[in-house]
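Here is the file start_4.pdb (PDB, C-alpha atoms).
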```pdb
ATOM      1  CA  MET A   1     -39.082  68.578   6.287
ATOM      2  CA  ASP A   2     -40.862  69.781   9.403
ATOM      3  CA  ASN A   3     -44.263  68.219   9.008
ATOM      4  CA  LEU A   4     -45.529  66.346  12.064
ATOM      5  CA  ILE A   5     -48.197  64.387  10.149
ATOM      6  CA  LEU A   6     -45.672  63.126   7.594
ATOM      7  CA  LYS A   7     -43.211  62.145  10.321
ATOM      8  CA  VAL A   8     -45.779  60.200  12.356
ATOM      9  CA  CYS A   9     -47.151  58.496   9.228
ATOM     10  CA  THR A  10     -43.662  57.501   8.139
ATOM     11  CA  LYS A  11     -42.904  56.002  11.544
ATOM     12  CA  VAL A  12     -46.147  54.014  11.396
ATOM     13  CA  LEU A  13     -45.623  52.894   7.794
ATOM     14  CA  PHE A  14     -41.915  52.028   7.926
ATOM     15  CA  THR A  15     -42.249  48.578   9.544
ATOM     16  CA  PRO A  16     -45.287  47.360   7.544
ATOM     17  CA  ILE A  17     -43.543  48.282   4.269
ATOM     18  CA  ILE A  18     -40.493  46.200   5.227
ATOM     19  CA  LEU A  19     -42.770  43.387   6.408
ATOM     20  CA  PHE A  20     -44.570  43.466   3.045
ATOM     21  CA  GLY A  21     -41.189  43.392   1.321
ATOM     22  CA  LEU A  22     -40.228  40.265   3.278
ATOM     23  CA  TYR A  23     -43.595  38.684   2.443
ATOM     24  CA  VAL A  24     -43.032  39.341  -1.262
ATOM     25  CA  GLN A  25     -39.477  37.983  -0.923
ATOM     26  CA  PHE A  26     -40.282  34.690   0.766
ATOM     27  CA  HIS A  27     -43.743  34.133  -0.699
ATOM     28  CA  GLY A  28     -42.371  34.415  -4.254
ATOM     29  CA  ASP A  29     -42.564  30.631  -4.681
ATOM     30  CA  PHE A  30     -46.330  30.629  -4.178
ATOM     31  CA  GLY A  31     -47.572  33.944  -5.509
ATOM     32  CA  PRO A  32     -46.379  36.825  -7.630
ATOM     33  CA  GLY A  33     -43.167  38.332  -6.326
ATOM     34  CA  GLY A  34     -39.533  37.506  -5.765
ATOM     35  CA  GLY A  35     -36.184  39.089  -5.147
ATOM     36  CA  PHE A  36     -36.374  41.997  -7.562
ATOM     37  CA  GLN A  37     -39.735  43.316  -6.363
ATOM     38  CA  ALA A  38     -38.995  42.686  -2.686
ATOM     39  CA  GLY A  39     -35.649  44.494  -2.875
ATOM     40  CA  VAL A  40     -37.290  47.525  -4.425
ATOM     41  CA  ILE A  41     -40.078  47.583  -1.818
ATOM     42  CA  VAL A  42     -37.642  47.403   1.119
ATOM     43  CA  ALA A  43     -35.494  50.117  -0.491
ATOM     44  CA  ALA A  44     -38.610  52.277  -0.872
ATOM     45  CA  ALA A  45     -39.151  52.113   2.901
ATOM     46  CA  PHE A  46     -35.631  53.452   3.564
ATOM     47  CA  ILE A  47     -35.976  56.122   0.872
ATOM     48  CA  LEU A  48     -39.307  57.243   2.357
ATOM     49  CA  TYR A  49     -37.563  57.577   5.723
ATOM     50  CA  ALA A  50     -34.741  59.585   4.135
ATOM     51  CA  LEU A  51     -37.163  61.889   2.318
ATOM     52  CA  VAL A  52     -39.323  62.682   5.346
ATOM     53  CA  PHE A  53     -36.557  62.918   7.960
ATOM     54  CA  SER A  54     -33.157  63.497   6.369
ATOM     55  CA  VAL A  55     -30.510  61.509   4.531
ATOM     56  CA  GLU A  56     -28.256  61.786   7.600
ATOM     57  CA  ASP A  57     -30.970  60.201   9.789
ATOM     58  CA  CYS A  58     -31.353  57.406   7.274
ATOM     59  CA  LYS A  59     -27.596  56.836   7.340
ATOM     60  CA  VAL A  60     -27.884  56.102  11.057
ATOM     61  CA  ILE A  61     -30.260  53.177  10.494
ATOM     62  CA  MET A  62     -28.576  52.087   7.240
ATOM     63  CA  PRO A  63     -24.884  53.108   7.276
ATOM     64  CA  PRO A  64     -23.311  53.366   3.783
ATOM     65  CA  LYS A  65     -20.571  50.886   4.726
ATOM     66  CA  LEU A  66     -23.121  48.210   5.691
ATOM     67  CA  ASN A  67     -24.970  49.142   2.512
ATOM     68  CA  PHE A  68     -21.927  48.456   0.309
ATOM     69  CA  PHE A  69     -21.197  45.213   2.146
ATOM     70  CA  LEU A  70     -24.751  43.885   1.674
ATOM     71  CA  LEU A  71     -24.712  45.033  -1.967
ATOM     72  CA  ALA A  72     -21.758  42.788  -2.676
ATOM     73  CA  LEU A  73     -22.989  39.998  -0.375
ATOM     74  CA  GLY A  74     -26.190  39.531  -2.404
ATOM     75  CA  ALA A  75     -24.396  38.884  -5.690
ATOM     76  CA  PHE A  76     -21.816  36.742  -3.861
ATOM     77  CA  LEU A  77     -24.557  34.642  -2.217
ATOM     78  CA  TYR A  78     -26.076  33.897  -5.621
ATOM     79  CA  GLY A  79     -22.763  32.801  -7.085
ATOM     80  CA  PHE A  80     -21.824  30.850  -3.946
ATOM     81  CA  VAL A  81     -25.018  28.752  -3.955
ATOM     82  CA  GLY A  82     -23.979  27.613  -7.425
ATOM     83  CA  VAL A  83     -20.477  26.780  -6.202
ATOM     84  CA  ILE A  84     -21.838  24.663  -3.298
ATOM     85  CA  GLY A  85     -23.719  22.553  -5.834
ATOM     86  CA  LEU A  86     -20.553  22.308  -7.918
ATOM     87  CA  ILE A  87     -18.535  21.045  -4.917
ATOM     88  CA  LEU A  88     -21.197  18.461  -4.043
ATOM     89  CA  GLY A  89     -21.010  17.085  -7.571
ATOM     90  CA  ASP A  90     -23.796  18.749  -9.530
ATOM     91  CA  PRO A  91     -23.778  21.203 -12.435
ATOM     92  CA  TYR A  92     -23.390  24.893 -11.544
ATOM     93  CA  LEU A  93     -26.637  26.451 -10.250
ATOM     94  CA  SER A  94     -28.562  23.203 -10.212
ATOM     95  CA  TYR A  95     -29.909  22.909  -6.693
ATOM     96  CA  ASP A  96     -30.775  19.198  -6.524
ATOM     97  CA  VAL A  97     -28.098  18.269  -3.963
ATOM     98  CA  LEU A  98     -28.736  21.109  -1.500
ATOM     99  CA  GLY A  99     -31.506  19.290   0.403
ATOM    100  CA  SER A 100     -32.366  15.756   1.512
ATOM    101  CA  THR A 101     -34.530  15.191  -1.570
ATOM    102  CA  LYS A 102     -34.318  16.804  -5.010
ATOM    103  CA  GLU A 103     -37.440  18.838  -4.341
ATOM    104  CA  ALA A 104     -36.162  20.099  -0.972
ATOM    105  CA  GLY A 105     -32.866  20.991  -2.641
ATOM    106  CA  GLN A 106     -34.667  23.043  -5.267
ATOM    107  CA  HIS A 107     -36.656  24.851  -2.538
ATOM    108  CA  VAL A 108     -33.507  25.714  -0.562
ATOM    109  CA  GLY A 109     -31.637  26.821  -3.674
ATOM    110  CA  ILE A 110     -34.423  29.042  -4.981
ATOM    111  CA  LEU A 111     -34.963  30.623  -1.553
ATOM    112  CA  LEU A 112     -31.247  31.458  -1.134
ATOM    113  CA  VAL A 113     -30.825  32.693  -4.685
ATOM    114  CA  GLU A 114     -33.897  34.953  -4.467
ATOM    115  CA  PHE A 115     -32.621  36.300  -1.158
ATOM    116  CA  GLY A 116     -29.320  37.181  -2.841
ATOM    117  CA  VAL A 117     -31.146  39.007  -5.626
ATOM    118  CA  GLY A 118     -33.255  40.883  -3.075
ATOM    119  CA  LEU A 119     -30.214  41.976  -1.055
ATOM    120  CA  THR A 120     -28.378  43.297  -4.110
ATOM    121  CA  VAL A 121     -31.373  45.124  -5.595
ATOM    122  CA  CYS A 122     -32.364  46.696  -2.270
ATOM    123  CA  ASN A 123     -28.889  47.969  -1.466
ATOM    124  CA  VAL A 124     -28.134  49.188  -4.998
ATOM    125  CA  MET A 125     -31.333  51.260  -4.875
ATOM    126  CA  ILE A 126     -30.511  52.712  -1.443
ATOM    127  CA  SER A 127     -26.937  53.569  -2.440
ATOM    128  CA  LEU A 128     -28.157  55.143  -5.701
ATOM    129  CA  PHE A 129     -30.481  57.316  -3.626
ATOM    130  CA  TYR A 130     -27.655  58.237  -1.240
ATOM    131  CA  SER A 131     -25.451  59.202  -4.186
ATOM    132  CA  PHE A 132     -28.114  61.406  -5.769
ATOM    133  CA  ALA A 133     -29.247  62.948  -2.504
ATOM    134  CA  ASP A 134     -25.750  63.832  -1.304
ATOM    135  CA  PHE A 135     -23.915  64.719  -4.484
ATOM    136  CA  ASP A 136     -23.413  68.437  -4.995
ATOM    137  CA  PHE A 137     -23.409  68.841  -8.774
ATOM    138  CA  GLY A 138     -23.376  72.649  -8.703
ATOM    139  CA  LYS A 139     -20.359  72.723  -6.397
ATOM    140  CA  LYS A 140     -18.451  70.248  -8.545
ATOM    141  CA  ASN A 141     -19.016  72.389 -11.645
ATOM    142  CA  ASN A 142     -17.928  75.589  -9.931
ATOM    143  CA  ASP A 143     -14.658  74.026  -8.809
TER     144      ASP A 143
ATOM    145  CA  MET B   1     -64.629  38.875 -24.239
ATOM    146  CA  ILE B   2     -66.333  42.235 -24.854
ATOM    147  CA  GLY B   3     -65.396  43.323 -21.338
ATOM    148  CA  GLU B   4     -61.756  42.532 -22.084
ATOM    149  CA  ILE B   5     -61.865  44.598 -25.292
ATOM    150  CA  ILE B   6     -63.390  47.552 -23.435
ATOM    151  CA  ILE B   7     -60.736  47.359 -20.678
ATOM    152  CA  ASN B   8     -57.883  47.131 -23.195
ATOM    153  CA  ALA B   9     -59.279  50.007 -25.277
ATOM    154  CA  PHE B  10     -59.584  52.116 -22.131
ATOM    155  CA  LEU B  11     -56.010  51.344 -21.042
ATOM    156  CA  VAL B  12     -54.551  52.046 -24.486
ATOM    157  CA  THR B  13     -56.434  55.339 -24.705
ATOM    158  CA  LEU B  14     -55.202  56.267 -21.241
ATOM    159  CA  MET B  15     -51.592  55.453 -22.199
ATOM    160  CA  LEU B  16     -51.823  57.511 -25.394
ATOM    161  CA  THR B  17     -53.343  60.451 -23.505
ATOM    162  CA  ILE B  18     -50.587  60.326 -20.882
ATOM    163  CA  ALA B  19     -47.935  60.111 -23.629
ATOM    164  CA  VAL B  20     -49.367  63.228 -25.317
ATOM    165  CA  PHE B  21     -49.360  65.066 -21.988
ATOM    166  CA  ILE B  22     -45.733  63.999 -21.350
ATOM    167  CA  ILE B  23     -44.721  65.461 -24.712
ATOM    168  CA  ASN B  24     -46.644  68.684 -24.207
ATOM    169  CA  THR B  25     -45.703  69.589 -20.656
ATOM    170  CA  ARG B  26     -42.666  71.798 -20.034
ATOM    171  CA  LYS B  27     -42.421  71.304 -16.260
ATOM    172  CA  VAL B  28     -39.910  68.625 -15.305
ATOM    173  CA  ILE B  29     -41.825  67.494 -12.206
ATOM    174  CA  SER B  30     -45.010  66.878 -14.214
ATOM    175  CA  THR B  31     -42.994  64.884 -16.746
ATOM    176  CA  ILE B  32     -41.577  62.668 -13.979
ATOM    177  CA  LEU B  33     -44.951  62.083 -12.330
ATOM    178  CA  LEU B  34     -46.667  61.415 -15.665
ATOM    179  CA  THR B  35     -43.966  58.874 -16.555
ATOM    180  CA  GLY B  36     -44.723  57.114 -13.269
ATOM    181  CA  THR B  37     -48.428  57.112 -14.134
ATOM    182  CA  TYR B  38     -47.622  55.696 -17.555
ATOM    183  CA  SER B  39     -45.747  52.814 -15.892
ATOM    184  CA  LEU B  40     -48.712  52.189 -13.605
ATOM    185  CA  VAL B  41     -51.075  51.936 -16.597
ATOM    186  CA  ALA B  42     -48.564  49.604 -18.271
ATOM    187  CA  ALA B  43     -48.700  47.474 -15.108
ATOM    188  CA  LEU B  44     -52.503  47.313 -15.407
ATOM    189  CA  MET B  45     -52.044  46.241 -19.020
ATOM    190  CA  PHE B  46     -49.780  43.364 -17.863
ATOM    191  CA  VAL B  47     -52.420  42.337 -15.299
ATOM    192  CA  SER B  48     -55.028  42.154 -18.061
ATOM    193  CA  LEU B  49     -52.589  39.904 -19.978
ATOM    194  CA  ASP B  50     -52.353  37.636 -16.842
ATOM    195  CA  ALA B  51     -48.637  38.423 -16.375
ATOM    196  CA  VAL B  52     -48.915  39.265 -12.683
ATOM    197  CA  ASP B  53     -45.197  38.961 -11.897
ATOM    198  CA  VAL B  54     -44.268  41.367 -14.686
ATOM    199  CA  ALA B  55     -47.014  43.739 -13.569
ATOM    200  CA  PHE B  56     -45.665  43.643 -10.014
ATOM    201  CA  THR B  57     -42.157  44.453 -11.244
ATOM    202  CA  GLU B  58     -43.418  47.247 -13.485
ATOM    203  CA  ALA B  59     -45.444  48.781 -10.651
ATOM    204  CA  SER B  60     -42.642  48.603  -8.075
ATOM    205  CA  VAL B  61     -39.682  49.459 -10.330
ATOM    206  CA  GLY B  62     -41.206  51.590 -13.085
ATOM    207  CA  ALA B  63     -43.825  53.493 -11.134
ATOM    208  CA  GLY B  64     -42.164  53.316  -7.721
ATOM    209  CA  ILE B  65     -38.427  53.433  -7.407
ATOM    210  CA  SER B  66     -37.487  55.099 -10.719
ATOM    211  CA  THR B  67     -39.976  57.914 -10.058
ATOM    212  CA  ILE B  68     -38.445  58.400  -6.610
ATOM    213  CA  LEU B  69     -34.886  58.406  -8.004
ATOM    214  CA  PHE B  70     -35.895  60.914 -10.705
ATOM    215  CA  LEU B  71     -37.449  63.093  -8.005
ATOM    216  CA  ALA B  72     -34.210  62.864  -6.010
ATOM    217  CA  ALA B  73     -32.294  63.984  -9.113
ATOM    218  CA  LEU B  74     -34.839  66.752  -9.731
ATOM    219  CA  SER B  75     -33.217  69.149  -7.276
ATOM    220  CA  TYR B  76     -30.185  69.373  -9.595
ATOM    221  CA  LEU B  77     -32.268  70.095 -12.691
ATOM    222  CA  PRO B  78     -33.862  73.329 -13.928
ATOM    223  CA  LYS B  79     -37.564  73.550 -13.082
ATOM    224  CA  GLU B  80     -38.708  73.945 -16.689
ATOM    225  CA  GLU B  81     -37.612  72.704 -20.053
ATOM    226  CA  LYS B  82     -36.407  75.329 -22.540
ATOM    227  CA  GLU B  83     -38.818  76.300 -25.290
ATOM    228  CA  GLU B  84     -37.314  75.246 -28.608
ATOM    229  CA  LYS B  85     -38.332  76.545 -32.028
ATOM    230  CA  PHE B  86     -39.162  74.143 -34.834
ATOM    231  CA  ASN B  87     -35.940  73.359 -36.714
ATOM    232  CA  ILE B  88     -34.253  70.813 -38.978
ATOM    233  CA  LYS B  89     -33.532  68.449 -36.030
ATOM    234  CA  HIS B  90     -37.253  67.970 -35.487
ATOM    235  CA  ILE B  91     -37.720  66.930 -39.108
ATOM    236  CA  TYR B  92     -35.013  64.257 -38.741
ATOM    237  CA  ALA B  93     -36.650  63.042 -35.541
ATOM    238  CA  ILE B  94     -40.123  62.902 -37.113
ATOM    239  CA  CYS B  95     -38.754  60.976 -40.131
ATOM    240  CA  THR B  96     -36.943  58.440 -37.911
ATOM    241  CA  CYS B  97     -39.974  57.912 -35.679
ATOM    242  CA  THR B  98     -42.334  57.464 -38.629
ATOM    243  CA  ILE B  99     -40.072  54.942 -40.347
ATOM    244  CA  VAL B 100     -39.462  52.901 -37.178
ATOM    245  CA  ALA B 101     -43.158  52.943 -36.271
ATOM    246  CA  ALA B 102     -44.106  51.849 -39.801
ATOM    247  CA  LEU B 103     -41.570  48.995 -39.668
ATOM    248  CA  LEU B 104     -42.844  47.856 -36.262
ATOM    249  CA  ILE B 105     -46.482  47.924 -37.385
ATOM    250  CA  TRP B 106     -45.520  46.031 -40.548
ATOM    251  CA  ALA B 107     -43.630  43.430 -38.470
ATOM    252  CA  SER B 108     -46.584  43.053 -36.085
ATOM    253  CA  TYR B 109     -48.601  41.397 -38.887
ATOM    254  CA  ASP B 110     -46.246  38.396 -38.616
ATOM    255  CA  LEU B 111     -46.862  37.988 -34.867
ATOM    256  CA  PRO B 112     -49.163  35.172 -33.751
ATOM    257  CA  LEU B 113     -52.365  36.127 -31.946
ATOM    258  CA  VAL B 114     -52.045  36.503 -28.172
ATOM    259  CA  GLY B 115     -53.182  33.527 -26.096
ATOM    260  CA  GLN B 116     -53.556  30.926 -28.863
ATOM    261  CA  LEU B 117     -52.594  27.381 -27.867
ATOM    262  CA  GLU B 118     -50.802  26.613 -31.154
ATOM    263  CA  ASN B 119     -48.429  29.592 -30.832
ATOM    264  CA  PRO B 120     -44.711  28.691 -31.133
ATOM    265  CA  VAL B 121     -43.937  29.848 -27.563
ATOM    266  CA  HIS B 122     -46.321  27.264 -26.128
ATOM    267  CA  GLN B 123     -45.016  24.401 -28.284
ATOM    268  CA  ASN B 124     -41.401  23.784 -27.285
ATOM    269  CA  LEU B 125     -40.181  24.181 -23.702
ATOM    270  CA  ALA B 126     -43.216  25.690 -21.983
ATOM    271  CA  GLN B 127     -44.875  22.334 -21.396
ATOM    272  CA  ASP B 128     -41.702  20.853 -19.833
ATOM    273  CA  PHE B 129     -41.370  23.885 -17.574
ATOM    274  CA  ILE B 130     -45.003  23.737 -16.408
ATOM    275  CA  GLU B 131     -44.850  19.995 -15.715
ATOM    276  CA  GLY B 132     -41.351  20.183 -14.209
ATOM    277  CA  SER B 133     -42.330  23.032 -11.937
ATOM    278  CA  ARG B 134     -44.984  20.809 -10.360
ATOM    279  CA  ASN B 135     -43.204  17.429 -10.419
ATOM    280  CA  HIS B 136     -39.504  18.219 -10.135
ATOM    281  CA  ILE B 137     -39.301  21.560  -8.330
ATOM    282  CA  GLY B 138     -42.635  21.444  -6.518
ATOM    283  CA  ILE B 139     -43.542  25.111  -6.302
ATOM    284  CA  PRO B 140     -46.801  26.535  -7.642
ATOM    285  CA  ASN B 141     -45.418  29.731  -9.215
ATOM    286  CA  VAL B 142     -43.973  28.659 -12.582
ATOM    287  CA  VAL B 143     -42.422  32.098 -13.102
ATOM    288  CA  THR B 144     -40.251  31.702  -9.998
ATOM    289  CA  SER B 145     -39.144  28.194 -10.936
ATOM    290  CA  ILE B 146     -38.154  29.314 -14.444
ATOM    291  CA  LEU B 147     -36.493  32.497 -13.168
ATOM    292  CA  ALA B 148     -34.482  30.962 -10.342
ATOM    293  CA  SER B 149     -33.932  27.369 -11.418
ATOM    294  CA  TYR B 150     -34.344  26.651 -15.137
ATOM    295  CA  ARG B 151     -32.928  30.022 -16.126
ATOM    296  CA  GLY B 152     -30.677  30.509 -13.094
ATOM    297  CA  TYR B 153     -27.746  31.623 -15.237
ATOM    298  CA  ASP B 154     -29.770  34.457 -16.774
ATOM    299  CA  THR B 155     -30.938  35.688 -13.386
ATOM    300  CA  PHE B 156     -27.380  35.510 -12.084
ATOM    301  CA  GLY B 157     -26.382  37.672 -15.052
ATOM    302  CA  GLU B 158     -29.137  40.155 -14.229
ATOM    303  CA  THR B 159     -28.053  40.347 -10.607
ATOM    304  CA  VAL B 160     -24.448  40.947 -11.627
ATOM    305  CA  VAL B 161     -25.602  43.644 -14.080
ATOM    306  CA  ILE B 162     -27.497  45.439 -11.297
ATOM    307  CA  TYR B 163     -24.494  45.040  -8.981
ATOM    308  CA  THR B 164     -22.100  46.414 -11.628
ATOM    309  CA  ALA B 165     -24.408  49.316 -12.428
ATOM    310  CA  GLY B 166     -24.657  50.182  -8.742
ATOM    311  CA  ILE B 167     -20.883  50.026  -8.320
ATOM    312  CA  ALA B 168     -20.384  52.178 -11.446
ATOM    313  CA  VAL B 169     -22.699  54.899 -10.139
ATOM    314  CA  LEU B 170     -20.965  54.776  -6.755
ATOM    315  CA  VAL B 171     -17.540  55.098  -8.395
ATOM    316  CA  LEU B 172     -18.750  58.121 -10.349
ATOM    317  CA  LEU B 173     -20.668  59.897  -7.577
ATOM    318  CA  TYR B 174     -19.651  58.620  -4.168
ATOM    319  CA  ASP B 175     -16.179  60.146  -4.208
ATOM    320  CA  GLY B 176     -17.783  63.576  -4.371
ATOM    321  CA  VAL B 177     -20.126  62.630  -1.543
ATOM    322  CA  SER B 178     -17.422  61.857   0.972
ATOM    323  CA  LYS B 179     -15.539  65.062   0.165
ATOM    324  CA  ASN B 180     -18.630  67.233   0.325
ATOM    325  CA  SER B 181     -19.863  65.751   3.566
ATOM    326  CA  LYS B 182     -16.427  66.402   5.117
ATOM    327  CA  ILE B 183     -16.599  70.004   3.901
ATOM    328  CA  ASN B 184     -20.118  70.357   5.277
ATOM    329  CA  LYS B 185     -19.083  68.947   8.648
ATOM    330  CA  GLU B 186     -16.168  71.366   8.872
ATOM    331  CA  LYS B 187     -18.491  74.219   7.987
ATOM    332  CA  ASN B 188     -20.946  73.199  10.683
ATOM    333  CA  LYS B 189     -18.160  73.085  13.259
TER     334      LYS B 189
END
```
What would you get if you wrote out this structure as structure tokens?
Amino acid sequence: MDNLILKVCTKVLFTPIILFGLYVQFHGDFGPGGGFQAGVIVAAAFILYALVFSVEDCKVIMPPKLNFFLLALGAFLYGFVGVIGLILGDPYLSYDVLGSTKEAGQHVGILLVEFGVGLTVCNVMISLFYSFADFDFGKKNND
Amino acid sequence: MIGEIIINAFLVTLMLTIAVFIINTRKVISTILLTGTYSLVAALMFVSLDAVDVAFTEASVGAGISTILFLAALSYLPKEEKEEKFNIKHIYAICTCTIVAALLIWASYDLPLVGQLENPVHQNLAQDFIEGSRNHIGIPNVVTSILASYRGYDTFGETVVIYTAGIAVLVLLYDGVSKNSKINKEKNK
């Protein structure tokens, strides 16, 4: 797309959208929000960039390989937080032992777990967009 | 109270109008955009029910990202839906819809009224969760403490479902991507 206004607006908007995503991610304990919504908002920023510039430009700032790695890391982080509790002698996914007090442990656990959810959701959405944007259905059928 | 009724009536009317437009339109792009609008109105409905977290999810996932993904898929679809004449399939569909709708409306008479204190949902675990969220977990948003702590297993399941779905789509589509991009690069050279 060769529209100067769109390009400038996207450059201005890109950072605030990600910042808002991070706010939703880490403010989820106190207000509405959490991993799912934050992941989608951050993914929307990258998709906006890919729509206005091009998918190839977006792949420079978010390479598919990094994308796949973070996609798996999110789900792994969630499971791993549970395993840490298990090693320290608590039931799976109960966060009491992660901090100095029970309450602090719960805070740490919820923060990490929500971050894992956010990572997975964000990167699944971006890779779905990459797949749709790049895949040549017509070509595949003609072969 | 009256204000709430007016707002709900307005939202329901808006949703029904959008649904009728979705059925009537033949252009795929209008269908996609109207579906996004429908999700946005649903989000407003959740706000009026005081379910802000659900409304946030509906607005960002339903109206935001799924509309964008549909638009990305749009370039592979025909611009307009085919006109179809009335046939026996439509009669089956109408019968099924009528029966299911009648059953749902009949079942809705057994539902408790929304927002009553003596409803079953408020009787069992809800009180423990609300008190525990303040005393044991210490965060103000009860939804987050239920989602991430009390029901951590369920959320883990959801995350793994999203992860698996993403991997499945990549397995189906990404193979083609790498091949095509190689072909494109060779062409450009």
- Task: May I have the residues of chain B within 7 Å of chain A, counting all atoms listed in the file, written as a PyMOL selection string?
- Result: chain B and resi 52-53+56-57+60-61+65+69+72-73+76+136-141+144+148-149+152+156+159-160+162-163+166+170+173-174+176-177
- Task: Just the residues within 10 Å of Leu34 of chain B, please, counting only C-alpha atoms, with nothing from its chain fewer than 5 positions along; format it as a count of residues only.
- Result: 11
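Of the residues under consideration (B:Leu147, B:Val161, B:Leu11, B:Val20), B:Leu11 shows the shortest atom-to-atom contact distance to Val47 of chain B when counting only C-alpha atoms.
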- Task: Quick one: pull the distance between atom CA of Phe115 of chain A and atom CA of Thr155 of chain B, Å, one decimal.
- Result: 12.4 Å
- Item | Surrounding residues of Ile61 of chain A excluding itself and chain neighbours under 4 positions, 10 Å, all atoms listed in the file, as an MDAnalysis selection string | chainID A and resid 46 49 56:57 66
Taking all listed atoms of segment 149-162 of chain B, build the axis-aligned box, pad each of the six sides by 3 Å, then write its centre and edge lengths in Å to one decimal as lines of an AutoDock Vina configuration file.
```
center_x = -29.4
center_y = 36.0
center_z = -13.7
size_x = 15.9
size_y = 24.8
size_z = 12.2
```
- Query: Suppose you want the space between atom CA of Ala59 of chain B and atom CA of Ala43 of chain B; what is it in Å?
  - Reply: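 For atom CA of Ala59 of chain B relative to atom CA of Ala43 of chain B, the distance reads 5.7 Å.
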- Distance atom CA of Gln25 of chain A-atom CA of Cys122 of chain A, one decimal place? 11.3 Å
- Top pick for closest residue to Tyr150 of chain B, considering B:Val100, B:Leu49, B:Ile130, B:Leu33 and counting all atoms listed in the file: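 Looking only at the distances to Tyr150 of chain B, the closest residue turns out to be B:Ile130.
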- Please return, as a PyMOL selection string, all polymer residues that have at least one atom within 12 Å of the point (-54.1, 52.9, -23.8); use all atoms listed in the file and the file's own coordinate frame. chain B and resi 5-20+37-45
- Extract, using all atoms listed in the file, all DNA, RNA and protein residues at most 8 Å from segment 81-83 of chain B, discarding same-chain residues fewer than 2 positions from it, and format them as a PyMOL selection string. chain B and resi 26-28+78-79+85
Limited to C-alpha atoms, could you put the picked residues into a file as a compact mmCIF listing (two decimals), keeping the file's coordinate frame?
```txt
# COMPACT_ATOMS: atom_id res chain seq x y z
CA ARG B 26 -42.67 71.80 -20.03
CA LYS B 27 -42.42 71.30 -16.26
CA VAL B 28 -39.91 68.62 -15.30
CA PRO B 78 -33.86 73.33 -13.93
CA LYS B 79 -37.56 73.55 -13.08
CA LYS B 85 -38.33 76.54 -32.03
```
